[in-house]
Amino acid sequence: MNALIFYLVYPLLWLISKLSFKAIYVFSDAVYLLIYRIFGFRKKVVRNNLRLCFPEKSEAELKKIEAKFYRHLCDIFLEMIKTLDLQPEDLKERFIITNPEAIKEIDNSGKSAIVMCAHYASYEWITALKTYDADLRAFGIYKKIKNTYFDDLVKQIRTRFNTEIIDKNVATKTMAKNKFRGIRGYYGMVADQSPKASRISYWGNFMGQETPMFVGSEVMAKRLDFSVYYFQINKKKRGVYEAQLVKLAENPNEYKDFEITDKYFELVEAQIRKAPEYYFWIHKRFKHQKENFENKQ
């Protein structure tokens, strides 16, 4: 069944990847009408998240953010598919790193770095980092998709520009092994997701909510003595993004526990409050409540 679904869908995805960007966004507008106006894909989750994070805003303001978010969601999904046919020089024109010298800084430091990324703007195009530096190896930590055919497709998309993919279940082991072998590089991690209940070790404040934080990036950085950066991405217009590497910690063990994590979430929140429509609101980011969690212990 997995194979059947994939082979039915893949021809459409391939055709989309061959479209011009102008045609991509015409198609995106049509998809927006379908998933938002007609089917209301995960609309309840999006509205609950927005009301929770912006209690000061009116319903009219929240619905305006909601509509803009769904337009952006359709754009980044189709941009990800377009990556199948995108050339490195095209990606560099559309995903501009404003401080590429920071990549050289990582290279010259003599050690590896963890690059923390949020579900904001075009996180899928973090692979553009590799187009700016041919020396350091680039690794992306990802979660496997159950359908192995689509999993292979996602890996194909994310490795188009020589980024190497590591399953999150073996990430720590692989990173330690690479360090032992003298393999240096930067490891991209989407670090704003909600941890599993069994792995909650720290509660912090994010978007006005006391919520469990994913601390894996900080823990691994301290264990392996990797520097830590935040990959701050801003959407300038459809299909054009600017990003910069913001250093969070050169020597992570000099920081108190969870201080780096808090610093990261402060930067993510500042971006969201400035332009909330570019955050990935379809995730149930605030599903764990501390009071309910403690009562179960």
# chains A, B, ... in the order shown; residues from 1 in each chain; ligands from 1
call {"tool": "closest_atom_pairs", "arguments": {"of": "stretch 93-140 of chain A", "to": "stretch 170-184 of chain A", "cutoff": "8 Å", "atoms": "only C-alpha atoms", "output": "Markdown table"}}
result
| residue | atom | partner | partner_atom | distance |
| --- | --- | --- | --- | --- |
| A:Gly110 | CA | A:Arg184 | CA | 7.9 |
| A:Lys111 | CA | A:Arg184 | CA | 6.1 |
| A:Ser112 | CA | A:Arg184 | CA | 5.0 |
| A:Leu136 | CA | A:Arg184 | CA | 6.5 |
| A:Arg137 | CA | A:Arg184 | CA | 6.6 |
call {"tool": "residues_around", "arguments": {"residues": "A:Glu259", "least_positions_apart": "4", "cutoff": "10 Å", "atoms": "only C-alpha atoms", "output": "MDAnalysis selection string"}}
result
chainID A and resid 218 248:249 252 255 263:264
call {"tool": "select_by_dssp", "arguments": {"residues": "stretch 49-166 of chain A", "states": "alpha helix (DSSP H)", "output": "number ranges by chain"}}
result
A: 49-53, 59-82, 88-94, 101-109, 148-158
call {"tool": "residues_around", "arguments": {"residues": "A:Ile35", "least_positions_apart": "6", "cutoff": "9 Å", "atoms": "only C-alpha atoms", "output": "compact mmCIF listing (two decimals) with N, CA and C atoms, in the first residue's frame"}}
result
# COMPACT_ATOMS: atom_id res chain seq x y z
N PHE A 41 -7.69 22.29 6.96
CA PHE A 41 -6.67 21.37 7.48
C PHE A 41 -6.07 21.86 8.80
N TYR A 70 -1.47 30.05 6.49
CA TYR A 70 -1.79 28.98 5.54
C TYR A 70 -1.23 29.26 4.15
N CYS A 74 1.55 26.67 2.40
CA CYS A 74 1.47 26.13 1.04
C CYS A 74 2.73 26.47 0.25
call {"tool": "closest_residue", "arguments": {"among": "A:Lys146, A:Lys168, A:Ile114, A:Tyr36", "to": "A:Asn251", "atoms": "only C-alpha atoms"}}
result
A:Ile114
call {"tool": "select_by_dssp", "arguments": {"residues": "stretch 117-289 of chain A", "states": "strand (DSSP E)", "output": "MDAnalysis selection string"}}
result
chainID A and resid 117 137:142 163:167 185:190 203:206 209:212 227:237 240:249
call {"tool": "write_last_selection", "arguments": {"atoms": "C-alpha atoms", "output": "mmCIF file, in the first residue's frame"}}
result
data_model
loop_
_atom_site.group_PDB
_atom_site.id
_atom_site.type_symbol
_atom_site.label_atom_id
_atom_site.label_comp_id
_atom_site.auth_asym_id
_atom_site.auth_seq_id
_atom_site.Cartn_x
_atom_site.Cartn_y
_atom_site.Cartn_z
ATOM 1 C CA CYS A 117 16.820 25.918 13.787
ATOM 2 C CA ARG A 137 30.796 18.687 6.262
ATOM 3 C CA ALA A 138 27.107 19.394 6.800
ATOM 4 C CA PHE A 139 24.777 17.075 8.697
ATOM 5 C CA GLY A 140 21.033 17.282 9.196
ATOM 6 C CA ILE A 141 19.285 15.484 12.048
ATOM 7 C CA TYR A 142 15.862 14.259 10.989
ATOM 8 C CA THR A 163 24.165 17.632 3.275
ATOM 9 C CA GLU A 164 24.365 14.269 5.028
ATOM 10 C CA ILE A 165 21.283 13.010 6.865
ATOM 11 C CA ILE A 166 21.365 11.382 10.311
ATOM 12 C CA ASP A 167 18.401 9.617 11.920
ATOM 13 C CA GLY A 185 31.189 19.865 10.523
ATOM 14 C CA TYR A 186 27.966 21.530 11.551
ATOM 15 C CA TYR A 187 24.837 19.680 12.617
ATOM 16 C CA GLY A 188 21.488 21.244 11.790
ATOM 17 C CA MET A 189 18.737 20.529 14.316
ATOM 18 C CA VAL A 190 15.150 21.737 14.401
ATOM 19 C CA TRP A 203 10.187 23.580 31.705
ATOM 20 C CA GLY A 204 10.735 27.096 30.392
ATOM 21 C CA ASN A 205 8.706 30.044 29.168
ATOM 22 C CA PHE A 206 7.896 30.258 25.479
ATOM 23 C CA GLN A 209 3.425 29.577 28.217
ATOM 24 C CA GLU A 210 5.226 27.420 30.763
ATOM 25 C CA THR A 211 6.115 24.568 28.481
ATOM 26 C CA PRO A 212 8.624 21.697 28.256
ATOM 27 C CA SER A 227 29.866 25.515 19.656
ATOM 28 C CA VAL A 228 26.181 26.455 19.288
ATOM 29 C CA TYR A 229 24.521 28.767 16.771
ATOM 30 C CA TYR A 230 20.972 29.790 16.007
ATOM 31 C CA PHE A 231 20.083 29.852 12.316
ATOM 32 C CA GLN A 232 17.807 32.882 12.187
ATOM 33 C CA ILE A 233 15.744 32.897 8.987
ATOM 34 C CA ASN A 234 13.539 35.733 7.773
ATOM 35 C CA LYS A 235 11.150 35.695 4.825
ATOM 36 C CA LYS A 236 11.623 38.755 2.619
ATOM 37 C CA LYS A 237 9.015 37.799 0.026
ATOM 38 C CA VAL A 240 13.267 34.749 -1.018
ATOM 39 C CA TYR A 241 14.758 34.382 2.446
ATOM 40 C CA GLU A 242 17.613 35.920 4.397
ATOM 41 C CA ALA A 243 19.366 34.093 7.196
ATOM 42 C CA GLN A 244 22.197 34.638 9.599
ATOM 43 C CA LEU A 245 24.107 32.462 12.011
ATOM 44 C CA VAL A 246 23.770 33.882 15.524
ATOM 45 C CA LYS A 247 26.351 32.546 17.959
ATOM 46 C CA LEU A 248 24.776 31.290 21.184
ATOM 47 C CA ALA A 249 27.829 29.704 22.803
#
call {"tool": "residues_around", "arguments": {"residues": "stretch 5-11 of chain A", "least_positions_apart": "5", "cutoff": "9 Å", "atoms": "only C-alpha atoms", "output": "ChimeraX atom specification"}}
result
/A:16,147,149-150
call {"tool": "write_last_selection", "arguments": {"atoms": "C-alpha atoms", "output": "PDB file, in the first residue's frame"}}
result
ATOM      1  CA  ILE A  16       5.535  20.385  -9.694  1.00  0.00           C
ATOM      2  CA  ASN A 147       6.397   5.315   4.606  1.00  0.00           C
ATOM      3  CA  TYR A 149       9.255   5.502  -0.097  1.00  0.00           C
ATOM      4  CA  PHE A 150       8.438   9.044   1.031  1.00  0.00           C
TER       5      PHE A 150
END
call {"tool": "closest_residue", "arguments": {"among": "A:His119, A:Glu79, A:Ile145, A:Leu62", "to": "A:Val46", "atoms": "only C-alpha atoms"}}
result
A:Leu62
call {"tool": "closest_residue", "arguments": {"among": "A:Phe21, A:Tyr132, A:Tyr120, A:Phe214", "to": "A:Ile103", "atoms": "only C-alpha atoms"}}
result
A:Tyr132
call {"tool": "atom_distance", "arguments": {"atom1": "atom CA of A:Val115", "atom2": "atom CA of A:Ser198"}}
result
25.0 Å
call {"tool": "residues_around", "arguments": {"residues": "stretch 219-225 of chain A", "least_positions_apart": "2", "cutoff": "6 Å", "atoms": "only C-alpha atoms", "output": "tab-separated table (two decimals) with C-alpha atoms, in the first residue's frame"}}
result
chain	number	residue	atom	x	y	z
A	216	GLY	CA	18.93	17.78	23.30
A	217	SER	CA	20.95	20.34	21.33
A	252	PRO	CA	28.87	25.63	26.01
A	253	ASN	CA	30.20	24.17	29.26
call {"tool": "closest_residue", "arguments": {"among": "A:Arg285, A:Ile76, A:Thr83, A:Leu50", "to": "A:Lys64", "atoms": "only C-alpha atoms"}}
result
A:Leu50
call {"tool": "atom_distance", "arguments": {"atom1": "atom CA of A:Arg158", "atom2": "atom CA of A:Ala128"}}
result
9.9 Å
